[in-house]
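Asker: Compact mmCIF, C-alpha atoms and all ligand atoms, file run_18.txt:
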# COMPACT_ATOMS: atom_id res chain seq x y z
CA MET A 1 84.93 96.20 63.76
CA ASN A 2 86.04 92.67 64.53
CA ARG A 3 83.43 89.95 63.87
CA PHE A 4 83.56 88.86 67.54
CA TRP A 5 82.77 92.34 68.89
CA HIS A 6 79.29 93.02 70.17
CA GLU A 7 77.78 96.00 68.34
CA THR A 8 77.47 97.97 71.59
CA ILE A 9 81.26 97.73 71.95
CA SER A 10 81.91 98.98 68.45
CA ARG A 11 79.62 101.94 69.12
CA LEU A 12 81.41 102.93 72.34
CA THR A 13 83.55 106.05 72.52
CA PRO A 14 85.67 105.39 75.63
CA TYR A 15 86.82 108.15 77.96
CA THR A 16 90.18 109.71 77.08
CA PRO A 17 92.15 110.74 80.17
CA GLY A 18 94.51 113.72 80.10
CA GLU A 19 97.86 112.97 78.54
CA GLN A 20 100.36 111.11 80.75
CA PRO A 21 103.54 111.85 78.77
CA LYS A 22 106.35 109.28 78.65
CA ASN A 23 109.04 111.90 79.11
CA SER A 24 107.98 114.04 82.03
CA PRO A 25 107.43 117.64 81.00
CA GLN A 26 109.05 120.39 82.98
CA LEU A 27 105.65 121.27 84.44
CA LYS A 28 102.67 118.91 84.35
CA LEU A 29 99.50 120.90 84.92
CA ASN A 30 97.03 118.87 82.86
CA THR A 31 95.36 116.23 85.06
CA ASN A 32 94.73 118.00 88.38
CA GLU A 33 97.27 116.01 90.35
CA ASN A 34 98.52 117.44 93.63
CA PRO A 35 101.91 119.19 93.42
CA PHE A 36 102.79 117.90 96.90
CA GLY A 37 103.54 114.26 97.57
CA PRO A 38 101.30 112.24 99.86
CA SER A 39 101.72 112.59 103.63
CA PRO A 40 104.98 111.03 104.95
CA LYS A 41 102.71 108.83 107.10
CA VAL A 42 101.28 107.36 103.89
CA ILE A 43 104.73 106.35 102.69
CA GLU A 44 105.45 104.84 106.12
CA ALA A 45 102.19 102.85 106.02
CA ILE A 46 103.01 101.46 102.57
CA GLN A 47 106.52 100.50 103.68
CA GLN A 48 105.12 98.70 106.72
CA ASN A 49 102.77 96.72 104.53
CA LEU A 50 105.38 95.74 101.96
CA ASN A 51 105.81 92.27 103.36
CA ASP A 52 104.86 88.61 102.97
CA ASN A 53 101.22 89.39 103.60
CA LEU A 54 100.97 90.53 100.00
CA ARG A 55 100.42 86.86 99.16
CA LEU A 56 97.08 87.12 100.99
CA TYR A 57 93.97 88.74 99.56
CA PRO A 58 93.12 92.10 101.13
CA ASP A 59 90.03 92.68 103.28
CA PRO A 60 87.28 92.62 100.62
CA GLU A 61 85.17 95.18 102.48
CA SER A 62 88.05 97.51 103.49
CA GLU A 63 86.51 97.67 106.97
CA LYS A 64 89.37 99.54 108.67
CA LEU A 65 89.47 102.15 105.94
CA LYS A 66 85.70 102.63 106.03
CA THR A 67 85.86 103.04 109.82
CA ALA A 68 88.64 105.65 109.50
CA ILE A 69 86.63 107.58 106.89
CA ALA A 70 83.40 107.27 108.90
CA ASN A 71 85.19 108.60 112.02
CA TYR A 72 86.65 111.51 110.06
CA TYR A 73 83.24 112.59 108.74
CA ASN A 74 81.35 111.60 111.87
CA LEU A 75 79.11 109.18 109.99
CA PRO A 76 78.01 105.62 110.76
CA GLU A 77 80.22 103.11 108.92
CA PRO A 78 77.34 101.64 106.85
CA SER A 79 77.05 105.08 105.20
CA VAL A 80 80.51 104.70 103.61
CA PHE A 81 81.55 102.84 100.46
CA VAL A 82 85.10 102.64 99.09
CA GLY A 83 86.34 101.70 95.63
CA ASN A 84 89.24 101.79 93.20
CA GLY A 85 89.20 105.52 92.51
CA SER A 86 85.97 107.51 92.38
CA ASP A 87 85.71 106.55 88.70
CA GLU A 88 85.01 102.98 89.76
CA VAL A 89 82.65 104.14 92.52
CA LEU A 90 80.74 106.18 89.90
CA ALA A 91 80.67 103.22 87.51
CA PHE A 92 78.99 101.13 90.22
CA ILE A 93 76.53 103.93 91.05
CA PHE A 94 75.50 104.31 87.40
CA ARG A 95 74.87 100.55 87.25
CA ALA A 96 73.05 100.41 90.57
CA PHE A 97 70.66 103.36 90.16
CA PHE A 98 70.45 104.91 86.70
CA GLN A 99 69.75 102.02 84.37
CA ASP A 100 65.97 102.38 84.15
CA LYS A 101 65.87 106.16 84.64
CA LYS A 102 66.41 109.28 82.62
CA LEU A 103 69.62 110.83 83.90
CA LEU A 104 70.19 114.58 83.75
CA PHE A 105 73.62 116.24 83.89
CA PRO A 106 75.22 119.49 82.67
CA ASP A 107 76.20 119.82 79.00
CA ILE A 108 79.69 120.79 80.11
CA THR A 109 80.90 118.50 82.86
CA TYR A 110 83.02 115.45 83.62
CA SER A 111 83.18 113.62 80.32
CA PHE A 112 83.09 110.17 81.91
CA TYR A 113 79.32 110.49 82.58
CA PRO A 114 78.18 110.02 78.95
CA VAL A 115 80.70 107.18 78.59
CA TYR A 116 79.09 105.22 81.44
CA CYS A 117 75.65 105.98 80.00
CA ASN A 118 76.64 104.58 76.61
CA LEU A 119 78.27 101.53 78.18
CA TYR A 120 75.20 100.67 80.25
CA GLY A 121 72.56 101.91 77.79
CA ILE A 122 71.32 104.65 80.15
CA ASP A 123 69.03 107.32 78.71
CA TYR A 124 70.35 110.81 79.47
CA ALA A 125 69.76 114.48 78.72
CA LEU A 126 72.24 117.36 78.86
CA ILE A 127 71.15 120.52 80.65
CA PRO A 128 72.97 123.61 79.32
CA LEU A 129 75.07 125.66 81.69
CA GLU A 130 74.20 129.34 82.00
CA ASP A 131 76.12 131.83 79.81
CA ASN A 132 78.47 132.45 82.74
CA PHE A 133 79.09 128.66 82.92
CA GLU A 134 77.18 128.18 86.18
CA ILE A 135 74.94 125.18 86.86
CA LYS A 136 71.36 126.31 87.45
CA LEU A 137 69.52 123.56 89.31
CA GLU A 138 66.12 125.20 88.69
CA LYS A 139 66.49 124.06 85.08
CA TYR A 140 66.59 120.40 86.11
CA GLN A 141 63.15 118.77 85.98
CA PRO A 142 64.05 115.17 86.80
CA ASN A 143 60.47 113.88 87.36
CA GLU A 144 61.63 111.02 89.56
CA GLY A 145 64.60 110.27 87.29
CA ALA A 146 68.16 110.94 88.38
CA VAL A 147 70.64 113.81 88.43
CA ILE A 148 74.44 113.89 88.64
CA PHE A 149 76.80 116.84 88.71
CA PRO A 150 80.22 117.57 90.16
CA ASN A 151 80.57 120.21 92.85
CA PRO A 152 82.68 122.13 92.03
CA ASN A 153 81.88 121.43 88.39
CA ALA A 154 84.63 120.17 86.09
CA PRO A 155 86.22 121.50 83.97
CA THR A 156 84.83 124.93 84.95
CA GLY A 157 85.75 124.71 88.67
CA ILE A 158 82.66 126.74 89.61
CA PRO A 159 81.20 125.75 93.01
CA LEU A 160 77.52 125.57 93.85
CA GLU A 161 76.29 126.74 97.26
CA LEU A 162 75.04 124.14 99.71
CA LYS A 163 71.75 125.95 100.38
CA ILE A 164 70.88 125.72 96.65
CA ILE A 165 71.63 121.98 96.68
CA LYS A 166 69.58 121.49 99.83
CA ASN A 167 66.64 123.29 98.32
CA PHE A 168 66.85 121.11 95.19
CA LEU A 169 67.02 117.89 97.24
CA GLY A 170 63.99 118.93 99.25
CA LYS A 171 61.96 119.62 96.09
CA ASN A 172 62.97 116.36 94.36
CA LYS A 173 62.67 113.72 97.06
CA ASN A 174 61.95 110.91 94.58
CA THR A 175 64.98 111.68 92.45
CA ILE A 176 68.39 110.11 93.09
CA VAL A 177 70.89 112.97 93.22
CA VAL A 178 74.59 112.17 92.98
CA ILE A 179 77.09 114.90 93.79
CA ASP A 180 80.60 114.18 92.58
CA GLU A 181 82.88 115.99 95.03
CA ALA A 182 86.24 114.99 93.52
CA TYR A 183 87.57 118.54 94.06
CA VAL A 184 85.51 119.66 97.06
CA ASP A 185 88.43 120.02 99.50
CA PHE A 186 89.81 123.06 97.70
CA GLY A 187 87.26 125.46 99.10
CA THR A 188 83.81 124.13 98.11
CA GLN A 189 81.10 123.23 100.65
CA SER A 190 80.51 119.48 100.93
CA ALA A 191 77.01 117.97 100.91
CA ILE A 192 78.06 115.07 103.18
CA GLY A 193 76.24 116.77 106.08
CA LEU A 194 72.93 116.46 104.17
CA ILE A 195 73.03 112.67 103.94
CA GLU A 196 71.20 112.08 107.19
CA GLU A 197 68.33 114.31 106.09
CA PHE A 198 67.96 113.13 102.47
CA ASP A 199 67.66 109.46 101.55
CA ASN A 200 67.89 110.37 97.85
CA LEU A 201 71.43 111.79 98.05
CA ILE A 202 74.76 110.12 97.24
CA VAL A 203 78.05 112.02 97.54
CA THR A 204 81.27 110.71 95.99
CA GLN A 205 84.80 111.83 96.84
CA SER A 206 88.32 111.03 95.71
CA PHE A 207 91.69 110.52 97.40
CA SER A 208 93.41 111.42 94.10
CA LYS A 209 93.41 115.20 94.43
CA SER A 210 93.41 116.68 97.93
CA ARG A 211 95.07 113.60 99.47
CA SER A 212 97.57 113.23 96.66
CA LEU A 213 96.93 109.53 96.02
CA ALA A 214 96.02 109.49 92.30
CA GLY A 215 98.57 106.72 91.76
CA LEU A 216 96.94 104.40 94.32
CA ARG A 217 93.33 104.72 93.16
CA VAL A 218 91.03 105.28 96.14
CA GLY A 219 87.57 106.82 96.00
CA CYS A 220 84.51 106.71 98.23
CA ALA A 221 80.77 107.28 98.38
CA PHE A 222 78.52 108.46 101.19
CA SER A 223 74.81 107.85 101.51
CA GLN A 224 72.20 106.26 103.71
CA PRO A 225 72.98 102.56 104.30
CA GLU A 226 70.31 101.17 101.96
CA LEU A 227 71.79 102.92 98.92
CA ILE A 228 75.32 101.94 100.01
CA GLU A 229 74.11 98.34 100.19
CA ALA A 230 73.02 98.54 96.52
CA ILE A 231 76.46 99.85 95.49
CA CYS A 232 78.09 96.98 97.45
CA ARG A 233 75.94 94.48 95.58
CA VAL A 234 77.21 95.83 92.25
CA LYS A 235 80.81 95.87 93.52
CA ASN A 236 80.57 92.27 94.67
CA SER A 237 79.20 91.30 91.28
CA PHE A 238 82.30 92.71 89.55
CA ASN A 239 85.29 92.38 91.85
CA SER A 240 85.36 91.47 95.53
CA TYR A 241 88.77 93.09 96.14
CA PRO A 242 88.89 96.49 94.42
CA LEU A 243 91.30 97.98 96.96
CA ASP A 244 94.61 96.22 97.51
CA ARG A 245 96.44 95.98 100.83
CA LEU A 246 98.76 98.91 100.13
CA ALA A 247 95.96 101.21 99.00
CA GLN A 248 93.85 100.42 102.07
CA SER A 249 96.68 101.10 104.53
CA ALA A 250 97.84 104.22 102.68
CA ALA A 251 94.35 105.69 102.54
CA ILE A 252 93.89 105.16 106.30
CA ALA A 253 97.16 107.03 106.96
CA ALA A 254 96.08 109.81 104.57
CA ILE A 255 92.70 110.39 106.19
CA GLU A 256 94.25 110.34 109.67
CA ASP A 257 96.91 112.95 108.86
CA GLU A 258 94.65 115.96 109.12
CA GLY A 259 97.56 118.39 109.69
CA TYR A 260 99.28 117.51 106.42
CA PHE A 261 95.97 117.57 104.52
CA LYS A 262 95.15 121.07 105.82
CA LYS A 263 98.63 122.42 105.13
CA THR A 264 98.79 121.14 101.54
CA THR A 265 95.22 122.05 100.54
CA GLN A 266 95.73 125.56 101.95
CA ALA A 267 98.96 125.88 99.96
CA VAL A 268 97.10 124.92 96.76
CA ILE A 269 94.32 127.42 97.53
CA GLY A 270 96.99 130.13 98.09
CA ALA A 271 98.70 129.32 94.78
CA ARG A 272 95.29 129.42 93.07
CA SER A 273 94.64 132.98 94.31
CA PHE A 274 98.08 134.00 93.08
CA LEU A 275 97.54 132.43 89.64
CA GLU A 276 94.08 133.96 89.31
CA LYS A 277 95.40 137.44 90.01
CA GLU A 278 98.37 137.07 87.67
CA LEU A 279 96.24 135.66 84.84
CA LYS A 280 93.82 138.58 85.13
CA ASN A 281 96.78 140.96 84.87
CA LEU A 282 97.67 139.22 81.60
CA HIS A 283 94.12 139.76 80.25
CA PHE A 284 92.80 136.29 80.84
CA ASN A 285 89.17 135.75 81.81
CA VAL A 286 89.20 133.46 84.81
CA LEU A 287 86.12 131.57 86.02
CA PRO A 288 85.71 131.47 89.82
CA SER A 289 87.22 128.21 91.08
CA GLY A 290 86.53 126.07 94.14
CA ALA A 291 88.86 123.38 92.77
CA ASN A 292 92.58 122.70 92.29
CA PHE A 293 92.41 124.02 88.74
CA ILE A 294 91.44 127.16 86.91
CA PHE A 295 89.41 127.40 83.70
CA THR A 296 90.46 130.37 81.66
CA SER A 297 90.46 132.00 78.24
CA HIS A 298 92.48 134.92 76.90
CA ILE A 299 90.83 137.99 75.42
CA SER A 300 93.03 137.95 72.28
CA TYR A 301 95.05 134.75 71.96
CA HIS A 302 93.29 131.48 71.14
CA ALA A 303 93.53 128.71 73.75
CA LYS A 304 94.99 126.25 71.22
CA HIS A 305 97.79 128.68 70.42
CA ILE A 306 98.62 129.18 74.10
CA PHE A 307 98.41 125.42 74.72
CA ASP A 308 100.87 124.69 71.87
CA GLN A 309 103.24 127.43 72.95
CA LEU A 310 103.23 126.26 76.58
CA LYS A 311 103.87 122.70 75.40
CA SER A 312 106.88 123.83 73.40
CA HIS A 313 108.20 125.33 76.66
CA GLY A 314 107.72 122.00 78.47
CA ILE A 315 104.48 123.04 80.23
CA LEU A 316 101.48 120.77 79.82
CA VAL A 317 97.97 122.12 80.52
CA ARG A 318 94.59 120.73 79.34
CA TYR A 319 92.94 121.93 76.16
CA PHE A 320 89.52 120.60 75.14
CA ASN A 321 88.83 121.15 71.46
CA GLN A 322 85.19 120.25 71.94
CA PRO A 323 82.43 121.13 72.58
CA ALA A 324 82.52 124.49 70.80
CA LYS A 325 81.46 126.39 73.95
CA ILE A 326 84.79 125.61 75.61
CA ASP A 327 87.19 125.32 72.69
CA ASN A 328 88.78 128.64 73.59
CA PHE A 329 89.49 127.63 77.20
CA LEU A 330 92.42 126.08 79.01
CA ARG A 331 92.18 124.13 82.23
CA ILE A 332 95.27 124.70 84.32
CA THR A 333 96.03 122.55 87.36
CA ILE A 334 97.18 124.49 90.41
CA GLY A 335 100.72 123.55 91.32
CA SER A 336 103.03 124.89 94.02
CA MET A 337 103.62 128.65 94.25
CA ASN A 338 106.98 128.16 92.60
CA GLN A 339 105.41 126.27 89.68
CA MET A 340 102.77 128.97 89.24
CA GLN A 341 105.52 131.60 89.11
CA GLN A 342 107.30 129.58 86.39
CA LEU A 343 104.05 129.31 84.44
CA ILE A 344 103.38 133.05 84.61
CA LYS A 345 106.92 133.81 83.49
CA VAL A 346 106.41 131.74 80.32
CA LEU A 347 102.87 133.05 79.74
CA LYS A 348 104.23 136.59 79.78
CA GLN A 349 106.35 135.68 76.75
CA ILE A 350 103.34 134.15 74.94
CA VAL A 351 100.57 136.69 75.45
CA LEU A 352 102.37 140.02 75.69
C1 LIG B 1 84.80 115.38 88.27
C2 LIG B 1 85.62 114.16 88.48
N1 LIG B 1 85.08 113.12 89.11
C3 LIG B 1 85.77 111.99 89.33
C4 LIG B 1 87.07 111.86 88.91
C5 LIG B 1 87.78 110.56 89.13
O1 LIG B 1 88.78 110.63 90.06
P1 LIG B 1 89.48 109.33 90.65
O2 LIG B 1 88.98 108.13 89.88
O3 LIG B 1 90.92 109.55 90.46
O4 LIG B 1 89.06 109.27 92.09
C6 LIG B 1 87.69 112.91 88.25
C7 LIG B 1 89.08 112.77 87.80
O5 LIG B 1 89.71 113.60 87.23
C8 LIG B 1 86.94 114.10 88.02
O6 LIG B 1 87.48 115.13 87.37
Go ahead and express the file in the form of structure tokens.
Ligand SMILES: Cc1ncc(COP(=O)(O)O)c(C=O)c1O
Answerer:
Amino acid sequence: MNRFWHETISRLTPYTPGEQPKNSPQLKLNTNENPFGPSPKVIEAIQQNLNDNLRLYPDPESEKLKTAIANYYNLPEPSVFVGNGSDEVLAFIFRAFFQDKKLLFPDITYSFYPVYCNLYGIDYALIPLEDNFEIKLEKYQPNEGAVIFPNPNAPTGIPLELKIIKNFLGKNKNTIVVIDEAYVDFGTQSAIGLIEEFDNLIVTQSFSKSRSLAGLRVGCAFSQPELIEAICRVKNSFNSYPLDRLAQSAAIAAIEDEGYFKKTTQAVIGARSFLEKELKNLHFNVLPSGANFIFTSHISYHAKHIFDQLKSHGILVRYFNQPAKIDNFLRITIGSMNQMQQLIKVLKQIVL
């Protein structure tokens, strides 16, 4: 520890993102990126905005983007917040609402949550998943604290039904509930429609996965205007301009190209069904997925062995060597049908 470091900084364990290799592997299936490029309209929008105006600051409130998102979801604009990836949106939410509360989240979930808690000094408790890796909301007793979970959960991919979420919100009206819907567009039911009814609900979403914009960093949150106002206050106390001109224009084009979005998300869902079936034929256990990835373990071969073997064949998937409950699992991003066929071909050599 350097003598100028604050002790809270030396105690931090920052989040480690999935490997972004310098030499691109033959198949990159480790960070849940979309196998298809962004909509051609996105590229057009970026090209149109590559001009002298880049010398000017962008709209600090991203008004046009918020209006486009609000129109898409049929919400009033003050119910929408946008930020630099949903990671940043979550960072603001943790700061705005969780600091003086006990926060509950699943023991196996997005590993950024404990990182934010440690950064901000937020008290938290982990609620164990069921033996089948499902989240059971009945186990959460927030007592006016706060709850966050992804739907579908990550890295398991298991979706939770909307009626269960609605029931939980109704029973815990004094608890802030944040639902992280980074992967919702791949077949999970969104809770955005519950925002009008519940003033304790915040939903976050990402443009990184289903809209194929991980490289531009765009995320959003939905809630009743008073909670959105609190998130804006935090944002404007960090950085007035989190979204640059290119990201704002590209995200508008992405949300407006519904046809491309539907076509590509359906293609990913189709490739997921194919992969699930093929993995089962190769004696993998596959958890049900409502996401663009599959969480799986083999009945005889250890996940680390399969991970290393795949890597030596130029295929990168995600292996988590902790916690112990998931150290025999691999998380595999769904690629195109062709990529999934390549993967299965190599897996056949490893596990048979
Ligand atoms: C559950 C979950 N939430 C949020 C994010 C953050 O996504 P982004 O910051 O790219 O919008 C991720 C990224 O992998 C994730 O897995």
Asker: Of the residues A:Lys235, A:Lys102, A:Arg245, A:His313, which is the one nearest to Ala45 of chain A, using all atoms listed in the file?
Answerer: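 Using all atoms listed in the file, Ala45 of chain A sits closest to A:Arg245.
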Asker: Of the residues A:Phe36, A:Phe293, A:Leu343, A:Gln47, which is the one nearest to Gly314 of chain A, using only C-alpha atoms?
Answerer: A:Leu343
Asker: Neighbours of ligand LIG 1 (chain B) at 9 Å or closer, counting only C-alpha atoms and all ligand atoms: which residues, as a PDB file with C-alpha atoms, in the frame of the given file?
Answerer:
ATOM      1  CA  PRO A  17      92.150 110.740  80.170  1.00  0.00           C
ATOM      2  CA  GLY A  18      94.510 113.720  80.100  1.00  0.00           C
ATOM      3  CA  THR A  31      95.360 116.230  85.060  1.00  0.00           C
ATOM      4  CA  ASN A  32      94.730 118.000  88.380  1.00  0.00           C
ATOM      5  CA  GLU A  33      97.270 116.010  90.350  1.00  0.00           C
ATOM      6  CA  GLY A  83      86.340 101.700  95.630  1.00  0.00           C
ATOM      7  CA  ASN A  84      89.240 101.790  93.200  1.00  0.00           C
ATOM      8  CA  GLY A  85      89.200 105.520  92.510  1.00  0.00           C
ATOM      9  CA  SER A  86      85.970 107.510  92.380  1.00  0.00           C
ATOM     10  CA  ASP A  87      85.710 106.550  88.700  1.00  0.00           C
ATOM     11  CA  GLU A  88      85.010 102.980  89.760  1.00  0.00           C
ATOM     12  CA  VAL A  89      82.650 104.140  92.520  1.00  0.00           C
ATOM     13  CA  LEU A  90      80.740 106.180  89.900  1.00  0.00           C
ATOM     14  CA  THR A 109      80.900 118.500  82.860  1.00  0.00           C
ATOM     15  CA  TYR A 110      83.020 115.450  83.620  1.00  0.00           C
ATOM     16  CA  SER A 111      83.180 113.620  80.320  1.00  0.00           C
ATOM     17  CA  PHE A 112      83.090 110.170  81.910  1.00  0.00           C
ATOM     18  CA  PHE A 149      76.800 116.840  88.710  1.00  0.00           C
ATOM     19  CA  PRO A 150      80.220 117.570  90.160  1.00  0.00           C
ATOM     20  CA  ASN A 151      80.570 120.210  92.850  1.00  0.00           C
ATOM     21  CA  PRO A 152      82.680 122.130  92.030  1.00  0.00           C
ATOM     22  CA  ASN A 153      81.880 121.430  88.390  1.00  0.00           C
ATOM     23  CA  ALA A 154      84.630 120.170  86.090  1.00  0.00           C
ATOM     24  CA  PRO A 155      86.220 121.500  83.970  1.00  0.00           C
ATOM     25  CA  ASP A 180      80.600 114.180  92.580  1.00  0.00           C
ATOM     26  CA  GLU A 181      82.880 115.990  95.030  1.00  0.00           C
ATOM     27  CA  ALA A 182      86.240 114.990  93.520  1.00  0.00           C
ATOM     28  CA  TYR A 183      87.570 118.540  94.060  1.00  0.00           C
ATOM     29  CA  THR A 204      81.270 110.710  95.990  1.00  0.00           C
ATOM     30  CA  GLN A 205      84.800 111.830  96.840  1.00  0.00           C
ATOM     31  CA  SER A 206      88.320 111.030  95.710  1.00  0.00           C
ATOM     32  CA  PHE A 207      91.690 110.520  97.400  1.00  0.00           C
ATOM     33  CA  SER A 208      93.410 111.420  94.100  1.00  0.00           C
ATOM     34  CA  LYS A 209      93.410 115.200  94.430  1.00  0.00           C
ATOM     35  CA  LEU A 213      96.930 109.530  96.020  1.00  0.00           C
ATOM     36  CA  ALA A 214      96.020 109.490  92.300  1.00  0.00           C
ATOM     37  CA  GLY A 215      98.570 106.720  91.760  1.00  0.00           C
ATOM     38  CA  LEU A 216      96.940 104.400  94.320  1.00  0.00           C
ATOM     39  CA  ARG A 217      93.330 104.720  93.160  1.00  0.00           C
ATOM     40  CA  VAL A 218      91.030 105.280  96.140  1.00  0.00           C
ATOM     41  CA  GLY A 219      87.570 106.820  96.000  1.00  0.00           C
ATOM     42  CA  CYS A 220      84.510 106.710  98.230  1.00  0.00           C
TER      43      CYS A 220
END
Asker: Go through A:Ser240, A:Gln322, A:Gln248, A:Thr296 and flag the residue nearest Glu63 of chain A, using all atoms listed in the file for the distances.
Answerer: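 Smallest distance to Glu63 of chain A is found for A:Gln248.
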Asker: Here is a test: counting only C-alpha atoms, which residue of A:Leu65, A:Leu54, A:Ile315, A:Met337 is nearest to Ala254 of chain A?
Answerer: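 Among the listed residues, the smallest separation from Ala254 of chain A belongs to A:Leu65.
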Asker: Find the distance between atom CA of Gly157 of chain A and atom CA of Asn292 of chain A and write it in Å to one decimal.
Answerer: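 Going from atom CA of Gly157 of chain A over to atom CA of Asn292 of chain A covers 8.0 Å.
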Asker: A:Ile195, A:Leu282, A:Leu103, A:Ala125: which is nearest Pro225 of chain A, counting all atoms listed in the file?
Answerer: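 Of A:Ile195, A:Leu282, A:Leu103, A:Ala125, the one nearest Pro225 of chain A, counting all atoms listed in the file, is A:Ile195.
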Asker: Can you work out which one of A:Trp5, A:Gly193, A:Asn132, A:Val234 has the shortest atom-to-atom distance to Asn74 of chain A, counting all atoms listed in the file?
Answerer: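 Looking at the shortest contact to Asn74 of chain A, the residue is A:Gly193.
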Asker: What does the structure give for the distance between atom CA of Ile46 of chain A and atom CA of Ala250 of chain A, in Å to one decimal?
Answerer: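 Atom-to-atom, atom CA of Ile46 of chain A to atom CA of Ala250 of chain A, that is 5.9 Å.
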Asker: Would you work out the distance separating atom CA of Tyr73 of chain A from atom CA of Glu197 of chain A, expressed in Å to one decimal?
Answerer: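 Between atom CA of Tyr73 of chain A and atom CA of Glu197 of chain A the gap is 15.2 Å.
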Asker: Tell me which protein, DNA and RNA residues are within 8 Å of segment 174-179 of chain A, counting all atoms listed in the file, leaving out same-chain ones fewer than 2 positions away, and put them as a VMD selection string.
Answerer: chain A and resid 97 142 to 151 169 172 181 191 200 to 204
Asker: Quick one: residues within 9 Å of Asp59 of chain A, only C-alpha atoms counted, chain neighbours fewer than 2 positions away excluded, as a VMD selection string?
Answerer: chain A and resid 57 61 to 64 241 243 to 245 248
Asker: Do you know which residues are at most 12 Å from Thr67 of chain A counting all atoms listed in the file, after dropping those on the same chain fewer than 4 positions away, and could you put them as a PyMOL selection string?
Answerer: chain A and resi 61-63+71-82+248+251-252+255-256
Asker: Pick out the residues sitting within 10 Å of Glu19 of chain A, and hand them over as a short mmCIF file (atom, residue, chain, number, x, y, z; two decimals) with C-alpha atoms, in the coordinates of the input; count only C-alpha atoms, and ignore anything fewer than 6 positions along from it in its own chain.
Answerer:
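Just written: out.cif:
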data_model
loop_
_atom_site.label_atom_id
_atom_site.label_comp_id
_atom_site.auth_asym_id
_atom_site.auth_seq_id
_atom_site.Cartn_x
_atom_site.Cartn_y
_atom_site.Cartn_z
CA LYS A 28 102.67 118.91 84.35
CA ASN A 30 97.03 118.87 82.86
CA THR A 31 95.36 116.23 85.06
CA LEU A 316 101.48 120.77 79.82
CA VAL A 317 97.97 122.12 80.52
CA ARG A 318 94.59 120.73 79.34
#
Asker: Quick one: residues within 10 Å of Pro323 of chain A, all atoms listed in the file counted, chain neighbours fewer than 3 positions away excluded, as JSON, numbers by chain?
Answerer: {"A": [107, 108, 320, 326, 327, 328]}
